[in-house]
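Peer 1: Here's a structure for you.
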Amino acid sequence: MRQITVKYDGRCAACGAGLDTGEQAMYEKSMGVFCVGCEPKNTEDIRSYRQEKADRKADRYDDWAEKREKKAREQLNSYPSIRHDWAFVTQPGRIPFRDRMNRSDDRAMESLAVAEGMRNKAENLRHVRVAGDAERKRQAKREALDEIIGKGSGVCDAVFGMGIVVSVHKKSYRIKFSDTLTCARDKSFVRPA
């Protein structure tokens with residue numbers, strides 16, 4: 001978050017107090033404007049504000065995708081009597097109406113592809129990340145590995161290969177890979193042998 005001078009009248013996203021032009025406020029694009037002191041500091045509070053905004057945006061993408069899909073399906077199901085007439089569909093030569101129908105089907109299929117992209121974007125928006133998420137995930141992996149790996153355990157590292165754990169530290173293992181190579185590796189980089 002950064003402190004800004006408010007350019008337009010608005011409301012604090014946390015307490016709802018009015019913010020007049022020229023006042024100091026805290027701002028982040030993904031959360032909005034807050035009174036100085038009202039801004040969220042806890043990671044879960046930050047996540048909830050970001051998630052709320054992301055959910056609204058994802059809902060809009062879902063609505064747009066639904067409208068596109070509905071329109072495309074109506075287009076693909078138009079003229080059912082002609083679509084099942086194999087003489088019309090397979091007749092050689094150029095038939096202007098069939099050309100128009102095929103171009104319309106191509107546009108409908110493109111529209112369905114765009115709608116699928118919108119659905120994927122909406123799904124990605126629903127997973128909000130906050131600073132520290134990756135480190136918390138790595139720490140959970142370290143704790144799980146500590147239950148399996150200890151001093152003297154055989155491990156496999158993607159860079160150095162097979163080795164033996166010499167000592168265990170808070171975030172790393174000291175591993176002997178060969179007679180000449182012993183080094184510390186982050187616990188999240190190794191796997192049990």
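By order in the structure tokens, chains are A, B, ...; within a chain, residues start at 1; ligands start at 1, following the order shown.
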DSSP says helix (DSSP H, G or I) for which residues of segment 22-122 of chain A? Put them as a PyMOL selection string?

Peer 2: chain A and resi 43-76+80-83+86-90+96-122

Peer 1: Using the selection just defined, write its residues with C-alpha atoms as a PDB file, in the first residue's frame.

Peer 2:
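Saved as selection.pdb:
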```pdb
ATOM      1  CA  THR A  43      -2.403 -10.963   5.468  1.00  0.00           C
ATOM      2  CA  GLU A  44      -5.839 -12.575   5.832  1.00  0.00           C
ATOM      3  CA  ASP A  45      -7.549  -9.137   5.851  1.00  0.00           C
ATOM      4  CA  ILE A  46      -5.599  -8.186   2.725  1.00  0.00           C
ATOM      5  CA  ARG A  47      -6.576 -11.511   1.124  1.00  0.00           C
ATOM      6  CA  SER A  48     -10.280 -10.942   1.913  1.00  0.00           C
ATOM      7  CA  TYR A  49     -10.311  -7.454   0.317  1.00  0.00           C
ATOM      8  CA  ARG A  50      -8.459  -8.698  -2.751  1.00  0.00           C
ATOM      9  CA  GLN A  51     -10.665 -11.795  -2.983  1.00  0.00           C
ATOM     10  CA  GLU A  52     -13.837  -9.703  -2.834  1.00  0.00           C
ATOM     11  CA  LYS A  53     -12.696  -7.531  -5.738  1.00  0.00           C
ATOM     12  CA  ALA A  54     -11.408 -10.545  -7.716  1.00  0.00           C
ATOM     13  CA  ASP A  55     -14.722 -12.386  -7.212  1.00  0.00           C
ATOM     14  CA  ARG A  56     -16.681  -9.440  -8.610  1.00  0.00           C
ATOM     15  CA  LYS A  57     -14.396  -9.340 -11.663  1.00  0.00           C
ATOM     16  CA  ALA A  58     -14.595 -13.129 -12.091  1.00  0.00           C
ATOM     17  CA  ASP A  59     -18.407 -12.978 -11.918  1.00  0.00           C
ATOM     18  CA  ARG A  60     -18.398 -10.413 -14.737  1.00  0.00           C
ATOM     19  CA  TYR A  61     -16.206 -12.703 -16.856  1.00  0.00           C
ATOM     20  CA  ASP A  62     -18.542 -15.630 -16.135  1.00  0.00           C
ATOM     21  CA  ASP A  63     -21.565 -13.525 -17.174  1.00  0.00           C
ATOM     22  CA  TRP A  64     -19.865 -12.459 -20.410  1.00  0.00           C
ATOM     23  CA  ALA A  65     -18.874 -16.044 -21.157  1.00  0.00           C
ATOM     24  CA  GLU A  66     -22.416 -17.259 -20.501  1.00  0.00           C
ATOM     25  CA  LYS A  67     -23.869 -14.662 -22.905  1.00  0.00           C
ATOM     26  CA  ARG A  68     -21.343 -15.585 -25.601  1.00  0.00           C
ATOM     27  CA  GLU A  69     -21.998 -19.300 -25.173  1.00  0.00           C
ATOM     28  CA  LYS A  70     -25.763 -18.822 -25.322  1.00  0.00           C
ATOM     29  CA  LYS A  71     -25.566 -16.738 -28.492  1.00  0.00           C
ATOM     30  CA  ALA A  72     -23.101 -19.157 -30.135  1.00  0.00           C
ATOM     31  CA  ARG A  73     -25.203 -22.223 -29.295  1.00  0.00           C
ATOM     32  CA  GLU A  74     -28.301 -20.553 -30.725  1.00  0.00           C
ATOM     33  CA  GLN A  75     -26.353 -19.849 -33.900  1.00  0.00           C
ATOM     34  CA  LEU A  76     -25.031 -23.415 -34.119  1.00  0.00           C
ATOM     35  CA  PRO A  80     -32.291 -27.520 -37.851  1.00  0.00           C
ATOM     36  CA  SER A  81     -34.237 -28.753 -40.880  1.00  0.00           C
ATOM     37  CA  ILE A  82     -31.467 -27.685 -43.255  1.00  0.00           C
ATOM     38  CA  ARG A  83     -28.582 -28.876 -41.082  1.00  0.00           C
ATOM     39  CA  TRP A  86     -27.516 -34.348 -46.197  1.00  0.00           C
ATOM     40  CA  ALA A  87     -28.280 -33.461 -49.799  1.00  0.00           C
ATOM     41  CA  PHE A  88     -27.919 -29.758 -48.938  1.00  0.00           C
ATOM     42  CA  VAL A  89     -24.831 -30.287 -46.757  1.00  0.00           C
ATOM     43  CA  THR A  90     -22.914 -32.533 -49.203  1.00  0.00           C
ATOM     44  CA  PRO A  96     -24.393 -19.025 -51.151  1.00  0.00           C
ATOM     45  CA  PHE A  97     -26.698 -19.878 -48.241  1.00  0.00           C
ATOM     46  CA  ARG A  98     -24.496 -22.799 -47.197  1.00  0.00           C
ATOM     47  CA  ASP A  99     -21.431 -20.514 -47.349  1.00  0.00           C
ATOM     48  CA  ARG A 100     -23.171 -17.962 -45.089  1.00  0.00           C
ATOM     49  CA  MET A 101     -24.189 -20.725 -42.692  1.00  0.00           C
ATOM     50  CA  ASN A 102     -20.623 -22.118 -42.575  1.00  0.00           C
ATOM     51  CA  ARG A 103     -19.127 -18.662 -41.942  1.00  0.00           C
ATOM     52  CA  SER A 104     -21.670 -18.126 -39.206  1.00  0.00           C
ATOM     53  CA  ASP A 105     -20.736 -21.469 -37.645  1.00  0.00           C
ATOM     54  CA  ASP A 106     -17.051 -20.514 -37.766  1.00  0.00           C
ATOM     55  CA  ARG A 107     -17.813 -17.240 -35.936  1.00  0.00           C
ATOM     56  CA  ALA A 108     -19.860 -19.158 -33.369  1.00  0.00           C
ATOM     57  CA  MET A 109     -16.993 -21.595 -32.746  1.00  0.00           C
ATOM     58  CA  GLU A 110     -14.562 -18.689 -32.336  1.00  0.00           C
ATOM     59  CA  SER A 111     -16.983 -17.114 -29.889  1.00  0.00           C
ATOM     60  CA  LEU A 112     -17.109 -20.370 -27.898  1.00  0.00           C
ATOM     61  CA  ALA A 113     -13.300 -20.365 -27.760  1.00  0.00           C
ATOM     62  CA  VAL A 114     -13.315 -16.784 -26.446  1.00  0.00           C
ATOM     63  CA  ALA A 115     -15.941 -17.772 -23.866  1.00  0.00           C
ATOM     64  CA  GLU A 116     -13.727 -20.658 -22.723  1.00  0.00           C
ATOM     65  CA  GLY A 117     -10.849 -18.196 -22.305  1.00  0.00           C
ATOM     66  CA  MET A 118     -13.096 -15.967 -20.208  1.00  0.00           C
ATOM     67  CA  ARG A 119     -14.071 -18.923 -18.016  1.00  0.00           C
ATOM     68  CA  ASN A 120     -10.390 -19.784 -17.512  1.00  0.00           C
ATOM     69  CA  LYS A 121      -9.578 -16.174 -16.631  1.00  0.00           C
ATOM     70  CA  ALA A 122     -12.449 -16.099 -14.126  1.00  0.00           C
TER      71      ALA A 122
END
```

Peer 1: Which polymer residues have any atom within 10 Å of an atom of Val6 of chain A, counting only C-alpha atoms, with same-chain residues fewer than 4 positions away left out, as a list of chain:residue names?

Peer 2: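 The neighbour list is A:Gly10, A:Leu19, A:Asp20, A:Thr21, A:Gly22, A:Glu23, A:Gln24, A:Ala25, A:Met26, A:Tyr27, A:Val33.
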
Peer 1: Write out as a ChimeraX atom specification the residues lying within 10 Å of Ala184 of chain A, counting only C-alpha atoms and excluding same-chain residues fewer than 2 positions away.

Peer 2: /A:165-169,171-176,182,186-187

Peer 1: Pull C-alpha atoms from the residues just selected and write them as a PDB file, in the first residue's frame.

Peer 2:
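Okay, result-v3.pdb is ready:
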```
ATOM      1  CA  VAL A 165      22.308 -35.798   5.114  1.00  0.00           C
ATOM      2  CA  VAL A 166      25.150 -34.757   7.433  1.00  0.00           C
ATOM      3  CA  SER A 167      23.223 -32.245   9.588  1.00  0.00           C
ATOM      4  CA  VAL A 168      19.709 -30.805   9.833  1.00  0.00           C
ATOM      5  CA  HIS A 169      19.102 -27.065  10.223  1.00  0.00           C
ATOM      6  CA  LYS A 171      15.523 -24.384   6.656  1.00  0.00           C
ATOM      7  CA  SER A 172      18.234 -26.550   5.118  1.00  0.00           C
ATOM      8  CA  TYR A 173      20.076 -29.851   5.176  1.00  0.00           C
ATOM      9  CA  ARG A 174      23.836 -30.098   4.964  1.00  0.00           C
ATOM     10  CA  ILE A 175      24.359 -32.908   2.462  1.00  0.00           C
ATOM     11  CA  LYS A 176      27.461 -34.865   1.473  1.00  0.00           C
ATOM     12  CA  THR A 182      29.364 -31.185   0.862  1.00  0.00           C
ATOM     13  CA  ASP A 186      17.128 -25.856   1.127  1.00  0.00           C
ATOM     14  CA  LYS A 187      14.863 -28.596   2.461  1.00  0.00           C
TER      15      LYS A 187
END
```

Peer 1: Would you compute the distance between atom CA of Ala131 of chain A and atom CA of Glu143 of chain A? Give it in Å to one decimal.

Peer 2: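 Computing the Euclidean distance for atom CA of Ala131 of chain A and atom CA of Glu143 of chain A yields 20.1 Å.
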
Peer 1: Using the chain letters and numbers from this document, which residues of segment 30-132 of chain A does DSSP assign to strand (DSSP E or B), as an MDAnalysis selection string?

Peer 2: chainID A and resid 32:35

Peer 1: Compare A:Leu145, A:Ile95, A:Ala193, A:Cys156 by their minimum atom-to-atom distance to Lys170 of chain A, counting only C-alpha atoms, and give me the closest one.

Peer 2: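 Among the listed residues, A:Leu145 lies closest to Lys170 of chain A.
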
Peer 1: For Pro192 of chain A, work out the shell of residues within 7 Å, counting only C-alpha atoms and skipping chain neighbours fewer than 4 positions away, then give it as a PDB file with N, CA and C atoms, in the first residue's frame.

Peer 2:
```
ATOM      1  N   ILE A 149      12.899 -37.185   6.690  1.00  0.00           N
ATOM      2  CA  ILE A 149      14.348 -37.111   6.509  1.00  0.00           C
ATOM      3  C   ILE A 149      15.016 -36.661   7.814  1.00  0.00           C
ATOM      4  N   GLY A 154      19.329 -40.895   3.183  1.00  0.00           N
ATOM      5  CA  GLY A 154      19.700 -40.712   1.785  1.00  0.00           C
ATOM      6  C   GLY A 154      18.690 -39.803   1.108  1.00  0.00           C
ATOM      7  N   VAL A 155      19.198 -38.826   0.346  1.00  0.00           N
ATOM      8  CA  VAL A 155      18.322 -37.884  -0.349  1.00  0.00           C
ATOM      9  C   VAL A 155      18.761 -37.745  -1.798  1.00  0.00           C
ATOM     10  N   CYS A 156      17.846 -37.208  -2.593  1.00  0.00           N
ATOM     11  CA  CYS A 156      18.117 -36.947  -4.008  1.00  0.00           C
ATOM     12  C   CYS A 156      17.875 -35.472  -4.278  1.00  0.00           C
TER      13      CYS A 156
END
```
